[in-house]
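Structure file query_25.txt; described as compact mmCIF, C-alpha atoms.
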# COMPACT_ATOMS: atom_id res chain seq x y z
CA MET A 1 -5.15 42.88 53.52
CA ILE A 2 -5.55 39.69 51.53
CA HIS A 3 -8.82 38.93 49.69
CA TRP A 4 -10.53 35.79 48.40
CA ASN A 5 -13.93 34.40 47.46
CA GLU A 6 -15.44 31.60 49.53
CA ALA A 7 -18.99 30.24 49.32
CA ASP A 8 -19.93 33.07 46.96
CA GLU A 9 -18.81 35.60 49.54
CA GLU A 10 -15.98 38.09 49.35
CA ARG A 11 -13.69 37.66 52.36
CA SER A 12 -10.56 39.39 53.58
CA ALA A 13 -8.02 39.14 56.38
CA LEU A 14 -4.82 40.79 57.55
CA TRP A 15 -1.72 39.46 55.77
CA ARG A 16 1.21 38.57 58.05
CA SER A 17 4.75 37.90 56.91
CA GLU A 18 7.81 38.34 59.09
CA ARG A 19 9.85 37.60 55.96
CA GLY A 20 8.40 40.71 54.38
CA ALA A 21 6.84 38.66 51.56
CA LEU A 22 4.04 40.28 49.59
CA PRO A 23 0.64 38.55 49.67
CA PRO A 24 -0.15 36.41 46.61
CA LYS A 25 -2.15 38.32 43.99
CA ARG A 26 -4.43 35.32 43.46
CA MET A 27 -5.72 32.87 46.04
CA VAL A 28 -7.72 29.63 45.82
CA LEU A 29 -9.07 27.25 48.44
CA ALA A 30 -7.29 23.93 48.94
CA ASP A 31 -8.03 20.89 51.07
CA ASP A 32 -7.27 17.18 51.44
CA THR A 33 -8.47 16.48 47.89
CA THR A 34 -5.90 18.84 46.34
CA SER A 35 -3.13 16.83 44.70
CA ALA A 36 0.51 17.71 45.27
CA ASP A 37 1.05 18.14 41.52
CA THR A 38 -1.81 20.64 41.27
CA ALA A 39 -0.60 22.49 44.34
CA TYR A 40 2.93 22.60 42.94
CA ARG A 41 1.76 24.04 39.63
CA LEU A 42 -0.36 26.71 41.33
CA ALA A 43 2.39 27.61 43.83
CA CYS A 44 4.94 28.00 41.03
CA GLU A 45 2.50 30.35 39.28
CA GLY A 46 2.32 32.49 42.42
CA THR A 47 -1.18 31.38 43.49
CA GLY A 48 -1.79 31.15 47.23
CA LEU A 49 -3.47 27.98 48.55
CA LEU A 50 -5.69 28.81 51.53
CA TRP A 51 -5.94 25.52 53.38
CA ARG A 52 -9.34 24.23 54.48
CA GLY A 53 -8.47 20.60 55.17
CA ASP A 54 -6.66 18.64 57.88
CA PHE A 55 -3.73 20.60 59.36
CA GLN A 56 -1.32 17.67 59.34
CA ASN A 57 -2.14 17.01 55.69
CA ALA A 58 -1.17 20.60 54.96
CA ARG A 59 2.23 19.93 56.51
CA GLN A 60 2.61 16.84 54.32
CA LEU A 61 1.69 18.91 51.29
CA VAL A 62 4.50 21.38 52.01
CA GLN A 63 6.91 18.44 52.28
CA ALA A 64 5.64 17.13 48.94
CA LEU A 65 6.21 20.55 47.36
CA ALA A 66 9.76 20.58 48.73
CA ARG A 67 10.43 17.21 47.14
CA ARG A 68 9.18 18.49 43.79
CA ILE A 69 11.41 21.55 44.01
CA ASP A 70 14.46 19.48 44.88
CA LYS A 71 13.65 16.70 42.37
CA PRO A 72 11.23 17.84 39.67
CA PRO A 73 8.95 14.85 38.92
CA LYS A 74 8.53 15.32 35.17
CA ALA A 75 12.14 14.67 34.31
CA SER A 76 13.49 11.15 34.02
CA LYS A 77 16.08 9.95 36.47
CA GLN A 78 18.81 10.24 33.85
CA ALA A 79 17.68 13.78 32.98
CA ARG A 80 17.79 14.78 36.65
CA VAL A 81 21.30 13.36 36.99
CA GLU A 82 22.47 15.27 33.93
CA ARG A 83 20.81 18.47 35.18
CA LYS A 84 22.53 18.15 38.56
CA LYS A 85 25.91 17.60 36.86
CA ALA A 86 25.34 20.70 34.75
CA ALA A 87 24.32 22.75 37.80
CA ASP A 88 27.36 21.55 39.77
CA ALA A 89 29.64 22.35 36.86
CA ALA A 90 28.10 25.81 36.49
CA VAL A 91 28.58 26.59 40.16
CA SER A 92 32.11 25.16 40.29
CA GLY A 93 33.10 27.29 37.33
CA VAL A 94 32.14 30.62 38.88
CA PRO A 95 33.75 32.58 41.72
CA ALA A 96 32.69 31.66 45.24
CA GLY A 97 30.87 34.96 45.68
CA GLN A 98 28.77 34.39 42.58
CA ALA A 99 28.03 30.83 43.69
CA PHE A 100 26.85 32.25 47.01
CA HIS A 101 24.45 34.64 45.28
CA LEU A 102 23.15 31.86 43.02
CA HIS A 103 22.55 29.74 46.11
CA ARG A 104 20.67 32.58 47.81
CA GLN A 105 18.51 33.09 44.73
CA ALA A 106 17.63 29.40 44.65
CA GLN A 107 16.79 29.42 48.36
CA SER A 108 14.64 32.52 47.93
CA GLN A 109 12.70 30.93 45.08
CA ARG A 110 12.25 27.76 47.11
CA ALA A 111 10.92 29.73 50.07
CA ARG A 112 8.51 31.62 47.80
CA VAL A 113 6.95 28.42 46.42
CA LEU A 114 6.75 26.67 49.81
CA GLY A 115 5.23 29.82 51.30
CA MET A 116 2.14 29.55 49.08
CA VAL A 117 0.35 27.13 51.44
CA LEU A 118 -1.59 29.53 53.69
CA ILE A 119 -3.33 29.21 57.05
CA GLU A 120 -6.09 31.46 58.41
CA PHE A 121 -6.00 32.48 62.07
CA GLY A 122 -8.83 33.76 64.21
CA ALA A 123 -8.63 37.07 66.04
CA ASP A 124 -7.12 35.17 69.01
CA TYR A 125 -4.59 33.33 66.74
CA GLY A 126 -6.66 30.15 66.94
CA ILE A 127 -6.63 27.79 63.94
CA ALA A 128 -10.01 26.24 63.02
CA LEU A 129 -8.65 23.16 61.24
CA ARG A 130 -8.76 19.47 62.12
CA ARG A 131 -5.71 18.31 64.13
CA ALA A 132 -4.35 21.85 64.29
CA PRO A 133 -2.02 22.62 67.21
CA ASP A 134 -2.73 25.35 69.70
CA ALA A 135 -0.37 27.91 68.19
CA ARG A 136 -1.69 30.82 70.24
CA PRO A 137 1.23 30.96 72.74
CA ALA A 138 3.80 30.78 69.94
CA CYS A 139 2.04 33.42 67.83
CA THR A 140 1.66 35.70 70.83
CA GLU A 141 5.42 35.52 71.47
CA ALA A 142 6.23 36.25 67.82
CA TRP A 143 3.50 38.71 66.86
CA GLY A 144 2.50 40.26 70.17
CA PRO A 145 -0.76 39.89 72.13
CA ALA A 146 -3.82 39.12 70.03
CA ASP A 147 -6.42 41.84 69.80
CA GLY A 148 -9.77 40.09 70.03
CA ALA A 149 -11.46 43.07 68.43
CA SER A 150 -9.35 42.88 65.27
CA SER A 151 -10.04 40.73 62.22
CA ALA A 152 -8.59 37.37 61.33
CA CYS A 153 -5.19 37.07 59.69
CA VAL A 154 -3.51 34.84 57.12
CA ALA A 155 0.11 33.64 57.07
CA SER A 156 2.05 30.94 55.30
CA LEU A 157 2.15 27.53 56.95
CA ARG A 158 5.92 27.49 56.56
CA GLU A 159 6.22 30.73 58.52
CA LEU A 160 3.88 29.36 61.18
CA MET A 161 6.12 26.31 61.58
CA GLY A 162 9.05 28.67 62.11
CA VAL A 163 7.08 30.50 64.80
CA ILE A 164 6.24 27.21 66.54
CA SER A 165 9.86 26.01 66.28
CA ALA A 166 11.09 29.26 67.83
CA HIS A 167 8.57 28.83 70.66
CA GLU A 168 9.96 25.37 71.41
CA TRP A 169 13.54 26.66 71.37
CA ARG A 170 12.49 29.42 73.73
CA LYS A 171 11.00 26.91 76.16
CA LYS A 172 13.89 24.45 75.96
CA GLY A 173 16.76 26.92 75.74
CA VAL A 174 20.31 26.41 74.47
CA GLU A 175 22.90 25.02 76.85
CA ILE A 176 26.01 27.22 77.09
CA PRO A 177 28.90 25.42 78.84
CA ALA A 178 30.72 28.72 79.39
CA LEU A 179 27.90 29.75 81.76
CA GLY A 180 28.57 26.89 84.16
CA LYS A 181 26.96 23.58 84.93
CA ALA A 182 23.51 22.44 83.87
CA PRO A 183 20.69 23.10 84.36
CA ASN A 184 21.37 26.78 85.16
CA ASN A 185 23.38 27.51 82.02
CA ARG A 186 20.73 27.91 79.35
CA ILE A 187 19.98 30.84 77.07
CA HIS A 188 16.40 31.07 75.82
CA PRO A 189 16.27 32.79 72.40
CA HIS A 190 13.14 34.70 71.41
CA TYR A 191 11.59 34.66 67.96
CA GLY A 192 13.63 36.78 65.56
CA VAL A 193 16.72 36.88 67.82
CA PHE A 194 19.86 35.03 66.73
CA SER A 195 20.23 31.80 68.68
CA PRO A 196 23.70 30.99 70.13
CA VAL A 197 23.68 27.44 68.79
CA ARG A 198 27.23 27.93 67.49
CA GLY A 199 29.26 27.87 70.67
CA GLU A 200 32.76 28.50 69.37
CA TYR A 201 32.45 32.31 69.50
CA VAL A 202 31.06 32.16 73.05
CA GLU A 203 34.07 30.12 74.19
CA LEU A 204 36.42 32.69 72.64
CA VAL A 205 34.89 35.46 74.78
CA ALA A 206 35.08 33.25 77.86
CA LYS A 207 38.80 32.52 77.35
CA ALA A 208 40.21 35.77 75.91
CA PRO A 209 42.65 37.44 78.35
CA LEU A 210 41.38 40.62 79.94
CA PRO A 211 43.49 43.80 79.60
CA THR A 212 46.20 43.94 82.26
CA LEU A 213 45.62 47.63 83.00
CA ARG A 214 42.64 47.73 85.37
CA PRO A 215 40.80 50.95 86.30
CA ASN A 216 39.04 51.36 89.64
CA LYS A 217 35.80 50.19 88.01
CA PHE A 218 36.24 47.67 85.22
CA VAL A 219 33.40 48.17 82.71
CA ALA A 220 32.60 46.12 79.61
CA PHE A 221 30.25 46.91 76.71
CA ASP A 222 28.42 44.25 74.69
CA ILE A 223 27.43 45.85 71.36
CA GLY A 224 24.47 44.18 69.65
CA THR A 225 23.77 41.87 72.56
CA GLY A 226 20.99 39.76 70.97
CA THR A 227 20.10 37.05 73.48
CA GLY A 228 22.51 38.53 76.04
CA VAL A 229 24.75 35.45 75.97
CA LEU A 230 28.05 37.37 75.69
CA SER A 231 26.98 39.81 78.42
CA ALA A 232 26.31 36.83 80.66
CA VAL A 233 29.75 35.36 79.92
CA LEU A 234 31.42 38.71 80.66
CA ALA A 235 29.45 39.10 83.90
CA LEU A 236 30.96 35.83 85.14
CA ARG A 237 34.47 37.16 84.65
CA ASP A 238 36.47 39.65 86.74
CA ILE A 239 34.42 42.60 85.48
CA ASP A 240 32.53 45.06 87.70
CA GLN A 241 29.75 46.06 85.29
CA VAL A 242 28.51 45.12 81.82
CA VAL A 243 26.43 47.41 79.60
CA ALA A 244 24.58 45.62 76.80
CA THR A 245 23.09 47.48 73.83
CA ASP A 246 20.83 46.60 70.92
CA GLN A 247 18.36 48.35 68.61
CA ASP A 248 15.86 45.52 68.22
CA PRO A 249 13.04 45.54 70.82
CA ARG A 250 12.82 41.75 70.58
CA ALA A 251 16.52 41.40 71.36
CA LEU A 252 16.30 43.81 74.29
CA ALA A 253 13.39 41.90 75.81
CA CYS A 254 15.18 38.60 75.21
CA ALA A 255 18.44 39.78 76.80
CA ARG A 256 16.69 41.19 79.85
CA GLU A 257 14.77 37.97 80.40
CA ASN A 258 17.84 35.76 80.04
CA LEU A 259 20.07 37.90 82.24
CA GLN A 260 17.43 38.09 84.95
CA ARG A 261 16.91 34.33 84.88
CA LEU A 262 20.64 33.59 85.20
CA ARG A 263 21.04 35.71 88.38
CA LEU A 264 24.59 36.73 87.54
CA PRO A 265 27.06 37.88 90.22
CA ASN A 266 27.88 41.16 88.42
CA PRO A 267 25.28 43.66 87.19
CA VAL A 268 24.33 43.94 83.51
CA LYS A 269 22.54 47.04 82.24
CA VAL A 270 20.54 46.48 79.05
CA MET A 271 19.73 49.58 77.02
CA GLN A 272 18.56 50.52 73.53
CA ALA A 273 21.29 52.19 71.48
CA ASP A 274 22.69 52.26 67.97
CA LEU A 275 25.99 50.56 68.75
CA PHE A 276 27.69 52.36 71.67
CA PRO A 277 26.32 53.66 74.97
CA GLU A 278 27.81 56.76 76.55
CA GLY A 279 31.06 56.48 78.46
CA LEU A 280 34.22 54.39 78.31
CA ALA A 281 34.90 50.70 78.81
CA SER A 282 37.97 48.52 79.21
CA VAL A 283 36.50 45.72 77.09
CA ILE A 284 34.06 46.32 74.23
CA VAL A 285 32.72 43.20 72.52
CA CYS A 286 30.91 43.12 69.20
CA ASN A 287 29.69 40.11 67.22
CA PRO A 288 28.25 41.74 64.06
CA PRO A 289 26.50 39.81 61.29
CA TRP A 290 29.26 38.03 59.42
CA LEU A 291 28.13 38.37 55.79
CA PRO A 292 28.21 41.76 53.99
CA ALA A 293 25.07 41.24 51.90
CA ARG A 294 21.55 42.61 51.81
CA PRO A 295 19.10 40.75 54.08
CA GLY A 296 16.35 39.03 52.11
CA SER A 297 13.92 39.60 54.96
CA PRO A 298 13.82 41.42 58.32
CA LEU A 299 14.62 38.15 60.07
CA GLU A 300 17.91 37.86 58.15
CA GLY A 301 19.29 41.03 59.71
CA THR A 302 21.15 38.93 62.28
CA VAL A 303 23.09 37.14 59.51
CA TYR A 304 23.55 39.76 56.79
CA ASP A 305 25.11 43.20 57.30
CA GLU A 306 24.54 45.21 54.11
CA GLY A 307 27.57 47.32 53.30
CA SER A 308 29.20 46.07 56.54
CA ARG A 309 27.33 48.89 58.30
CA MET A 310 27.58 47.43 61.80
CA LEU A 311 31.14 46.16 61.38
CA LEU A 312 32.46 49.50 60.10
CA GLY A 313 30.37 51.46 62.60
CA PHE A 314 31.87 49.46 65.45
CA LEU A 315 35.43 49.94 64.22
CA LYS A 316 35.04 53.69 63.61
CA GLY A 317 33.38 54.35 66.95
CA LEU A 318 35.59 52.07 69.04
CA PRO A 319 38.56 54.41 69.77
CA ALA A 320 36.29 57.08 71.29
CA HIS A 321 34.84 54.59 73.79
CA LEU A 322 37.93 52.67 74.88
CA ALA A 323 39.27 53.40 78.34
CA HIS A 324 43.04 53.81 78.68
CA GLY A 325 44.60 50.41 78.03
CA GLY A 326 41.25 48.97 76.94
CA GLU A 327 40.54 46.51 74.15
CA GLY A 328 37.85 46.00 71.56
CA TRP A 329 36.99 42.37 70.86
CA LEU A 330 35.67 41.89 67.35
CA ILE A 331 34.17 38.45 66.77
CA LEU A 332 34.12 37.61 63.09
CA SER A 333 34.09 34.51 60.92
CA ASN A 334 36.19 34.37 57.75
CA PHE A 335 33.20 32.82 55.93
CA ALA A 336 32.75 36.06 53.96
CA GLU A 337 36.39 35.85 52.91
CA GLN A 338 35.97 32.24 51.80
CA LEU A 339 32.98 33.34 49.69
CA GLY A 340 34.85 36.26 48.17
CA LEU A 341 32.49 38.81 49.73
CA ARG A 342 35.25 40.53 51.72
CA THR A 343 39.04 40.19 51.72
CA ARG A 344 41.35 40.02 54.71
CA ALA A 345 43.14 43.07 53.34
CA GLU A 346 39.88 45.04 53.38
CA LEU A 347 39.25 44.09 57.00
CA LEU A 348 42.79 45.04 58.09
CA ALA A 349 42.53 48.32 56.19
CA ALA A 350 39.24 49.15 57.94
CA ILE A 351 40.88 48.44 61.31
CA LYS A 352 43.86 50.69 60.49
CA ASP A 353 41.72 53.48 59.03
CA SER A 354 39.70 53.55 62.26
CA GLY A 355 42.79 54.37 64.30
CA LEU A 356 43.14 50.85 65.68
CA LYS A 357 45.81 48.18 65.77
CA VAL A 358 45.61 44.42 66.20
CA LEU A 359 46.87 43.32 69.61
CA GLY A 360 46.22 39.65 69.03
CA ARG A 361 43.82 37.12 67.59
CA MET A 362 42.23 33.91 68.86
CA ASP A 363 40.82 31.39 66.40
CA ALA A 364 38.28 28.59 66.69
CA THR A 365 37.05 26.05 64.16
CA PRO A 366 33.27 25.65 63.89
CA ASP A 367 31.80 22.19 64.37
CA HIS A 368 28.18 22.77 63.30
CA PRO A 369 26.55 20.09 61.06
CA LYS A 370 26.88 22.05 57.81
CA VAL A 371 30.66 21.83 58.01
CA ALA A 372 30.43 18.10 57.24
CA ASP A 373 27.57 18.31 54.73
CA GLU A 374 29.25 17.73 51.37
CA SER A 375 25.91 18.15 49.57
CA ASP A 376 25.81 21.81 50.64
CA PRO A 377 26.64 24.02 47.62
CA LEU A 378 28.78 26.15 49.94
CA HIS A 379 30.54 23.18 51.56
CA ALA A 380 34.06 24.17 50.46
CA ALA A 381 33.71 27.60 52.09
CA ARG A 382 32.14 26.17 55.24
CA ALA A 383 34.87 23.52 55.59
CA ALA A 384 37.55 26.24 55.52
CA GLU A 385 35.71 28.57 57.92
CA VAL A 386 37.49 29.93 61.00
CA THR A 387 35.89 32.11 63.69
CA SER A 388 38.21 34.70 65.23
CA LEU A 389 38.25 37.06 68.16
CA TRP A 390 40.31 40.08 67.10
CA ARG A 391 41.82 41.98 70.06
CA LEU A 392 41.99 45.61 69.00
CA GLY A 393 43.53 48.62 70.72
CA ALA A 394 44.06 52.29 69.98
CA ALA A 395 46.85 52.77 67.46
Give the structure from the file, written as structure tokens.
Amino acid sequence: MIHWNEADEERSALWRSERGALPPKRMVLADDTTSADTAYRLACEGTGLLWRGDFQNARQLVQALARRIDKPPKASKQARVERKKAADAAVSGVPAGQAFHLHRQAQSQRARVLGMVLIEFGADYGIALRRAPDARPACTEAWGPADGASSACVASLRELMGVISAHEWRKKGVEIPALGKAPNNRIHPHYGVFSPVRGEYVELVAKAPLPTLRPNKFVAFDIGTGTGVLSAVLALRDIDQVVATDQDPRALACARENLQRLRLPNPVKVMQADLFPEGLASVIVCNPPWLPARPGSPLEGTVYDEGSRMLLGFLKGLPAHLAHGGEGWLILSNFAEQLGLRTRAELLAAIKDSGLKVLGRMDATPDHPKVADESDPLHAARAAEVTSLWRLGAA
């Protein structure tokens, strides 16, 4: 619970944070009269600002805080230039892995300050502020059905905007050319499920050659299915059945909804499992999180794989689930290698130690916007990134 005083009355509400952030220890009321400088000072001190003014003004306040984080106002222009040069020199002089961790720390601190602007929700997720959107459908998708009998809740405005953005993506969907012609080729990601906006890895699965040795029933597994996009691509190929697994209830619901909407020619069974289902398959696909680092929040579990748990678990368990002549398709970016978080030698050693051999590899170059963003502190690593589909077989 989060507590504050308002109109000489002690009040409280349920604290919500999908990022896993702790509630601020101190909270004050803020409205349209609160200056950005005051809000910035309080937010940096760790004080939550419970908004009681116009909703759109709250959004503008968060933008003003972001500008102050990126360009602190108290320093002169020359001082800011010198500080940026010093920061660039510091980053350029350290290994890529250390630069990555420094970047993550800066992003975490930025998120903490911007997350201090708070919004109160009614028991039905309604927002009683001027010009506030109807966020109830988006909150219901992200947080589950509202319980009218429960108390109000409080969350950061920044997190709410993420919930609303995810709702819009879910309605619009992401076009996947490998699934055929528009408009029946869209994947609709749910909140908290990794969106397939990077299409190069999907194209690799669509084009990789299937094993030449075909059993009577050609089965494929999709490990960690997420939105179900790779299962859908496999179901459009010369495969009799696809089994998709995931541990996350959100991902399972998302995959089932997408696969049902697409009306695929071959059946896809979606089931909850830690990596592998029972049985054997001729193709087993896995697209684990690409970066071996600790997630900063539950939502980052689709990007960060602490200790390479999923990657190593897939490799170690793969031989026992491959049908005779079958292949495991590991989809992995070399971004971690570019950052110095994992070496190619370590990856090849893990493959060999699991009783596997490399049958082939297909590469694709990402074309997402960050590749061309030279202002990104990790631009050099992103510019050299290659996404690969490793074809693995029993040694």
Subject >> Among the residues A:Val283, A:Ala13, A:Ala39, A:Leu347, the one that comes closest to Glu120 of chain A [using all atoms listed in the file] >> reply: A:Ala13
Subject >> atom CA of Cys139 of chain A to atom CA of Leu179 of chain A, distance in Å rounded to a single decimal >> reply: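 Between these atoms lies a distance of 29.6 Å.
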**OP:** Considering only C-alpha atoms, state which residue in the set A:Ser156, A:Asn216, A:Thr227, A:Thr245 is at the smallest distance from Glu18 of chain A.
**Re:** A:Ser156
**OP:** Using all atoms listed in the file, determine which residues lie at most 10 Å from Lys25 of chain A, disregarding the query and same-chain residues fewer than 3 positions distant; provide the list as a list in words.
**Re:**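 With the cut-off at 10 Å, the set is Ile2, His3, Trp4, Leu22, Gly46, Thr47 and Gly48 of chain A.
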Original post:
With all atoms listed in the file as the basis for distance, which of A:Ala345, A:Ala323, A:Val233, A:Leu330 is at the shortest distance from Leu213 of chain A?
Top reply: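 Using all atoms listed in the file, Leu213 of chain A sits closest to A:Ala323.
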Original post:
Using all atoms listed in the file, which of the listed residues (A:Ala135, A:Met27, A:Leu61, A:Val358) sits closest to Ile164 of chain A?
Top reply: A:Ala135
Residue completion, segment 164-182 of chain A, N, CA and C atoms, as a PDB file, keeping the file's coordinate frame:
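Written out: result-v6.pdb:
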ATOM      1  N   ILE A 164       6.397  28.293  65.560  1.00  0.00           N
ATOM      2  CA  ILE A 164       6.240  27.210  66.540  1.00  0.00           C
ATOM      3  C   ILE A 164       7.608  26.662  66.951  1.00  0.00           C
ATOM      4  N   SER A 165       8.509  26.501  65.975  1.00  0.00           N
ATOM      5  CA  SER A 165       9.860  26.010  66.280  1.00  0.00           C
ATOM      6  C   SER A 165      10.586  26.966  67.221  1.00  0.00           C
ATOM      7  N   ALA A 166      10.454  28.271  66.963  1.00  0.00           N
ATOM      8  CA  ALA A 166      11.090  29.260  67.830  1.00  0.00           C
ATOM      9  C   ALA A 166      10.519  29.202  69.242  1.00  0.00           C
ATOM     10  N   HIS A 167       9.222  28.952  69.348  1.00  0.00           N
ATOM     11  CA  HIS A 167       8.570  28.830  70.660  1.00  0.00           C
ATOM     12  C   HIS A 167       9.161  27.659  71.438  1.00  0.00           C
ATOM     13  N   GLU A 168       9.393  26.541  70.740  1.00  0.00           N
ATOM     14  CA  GLU A 168       9.960  25.370  71.410  1.00  0.00           C
ATOM     15  C   GLU A 168      11.398  25.634  71.843  1.00  0.00           C
ATOM     16  N   TRP A 169      12.179  26.307  70.994  1.00  0.00           N
ATOM     17  CA  TRP A 169      13.540  26.660  71.370  1.00  0.00           C
ATOM     18  C   TRP A 169      13.543  27.589  72.583  1.00  0.00           C
ATOM     19  N   ARG A 170      12.565  28.487  72.604  1.00  0.00           N
ATOM     20  CA  ARG A 170      12.490  29.420  73.730  1.00  0.00           C
ATOM     21  C   ARG A 170      12.180  28.684  75.029  1.00  0.00           C
ATOM     22  N   LYS A 171      11.321  27.683  74.951  1.00  0.00           N
ATOM     23  CA  LYS A 171      11.000  26.910  76.160  1.00  0.00           C
ATOM     24  C   LYS A 171      12.190  26.055  76.598  1.00  0.00           C
ATOM     25  N   LYS A 172      12.809  25.382  75.654  1.00  0.00           N
ATOM     26  CA  LYS A 172      13.890  24.450  75.960  1.00  0.00           C
ATOM     27  C   LYS A 172      15.178  25.170  76.319  1.00  0.00           C
ATOM     28  N   GLY A 173      15.516  26.199  75.528  1.00  0.00           N
ATOM     29  CA  GLY A 173      16.760  26.920  75.740  1.00  0.00           C
ATOM     30  C   GLY A 173      17.944  26.214  75.091  1.00  0.00           C
ATOM     31  N   VAL A 174      19.067  26.935  75.034  1.00  0.00           N
ATOM     32  CA  VAL A 174      20.310  26.410  74.470  1.00  0.00           C
ATOM     33  C   VAL A 174      21.343  26.350  75.586  1.00  0.00           C
ATOM     34  N   GLU A 175      21.901  25.185  75.794  1.00  0.00           N
ATOM     35  CA  GLU A 175      22.900  25.020  76.850  1.00  0.00           C
ATOM     36  C   GLU A 175      24.208  25.680  76.437  1.00  0.00           C
ATOM     37  N   ILE A 176      24.762  26.498  77.336  1.00  0.00           N
ATOM     38  CA  ILE A 176      26.010  27.220  77.090  1.00  0.00           C
ATOM     39  C   ILE A 176      27.022  26.799  78.158  1.00  0.00           C
ATOM     40  N   PRO A 177      27.940  25.894  77.829  1.00  0.00           N
ATOM     41  CA  PRO A 177      28.900  25.420  78.840  1.00  0.00           C
ATOM     42  C   PRO A 177      29.677  26.537  79.518  1.00  0.00           C
ATOM     43  N   ALA A 178      29.949  27.627  78.804  1.00  0.00           N
ATOM     44  CA  ALA A 178      30.720  28.720  79.390  1.00  0.00           C
ATOM     45  C   ALA A 178      29.984  29.402  80.540  1.00  0.00           C
ATOM     46  N   LEU A 179      28.675  29.145  80.675  1.00  0.00           N
ATOM     47  CA  LEU A 179      27.900  29.750  81.760  1.00  0.00           C
ATOM     48  C   LEU A 179      27.834  28.863  82.997  1.00  0.00           C
ATOM     49  N   GLY A 180      28.556  27.756  82.980  1.00  0.00           N
ATOM     50  CA  GLY A 180      28.570  26.890  84.160  1.00  0.00           C
ATOM     51  C   GLY A 180      27.898  25.566  83.921  1.00  0.00           C
ATOM     52  N   LYS A 181      27.527  24.927  85.004  1.00  0.00           N
ATOM     53  CA  LYS A 181      26.960  23.580  84.930  1.00  0.00           C
ATOM     54  C   LYS A 181      25.450  23.638  84.707  1.00  0.00           C
ATOM     55  N   ALA A 182      24.959  22.588  84.062  1.00  0.00           N
ATOM     56  CA  ALA A 182      23.510  22.440  83.870  1.00  0.00           C
ATOM     57  C   ALA A 182      22.845  22.229  85.226  1.00  0.00           C
TER      58      ALA A 182
END
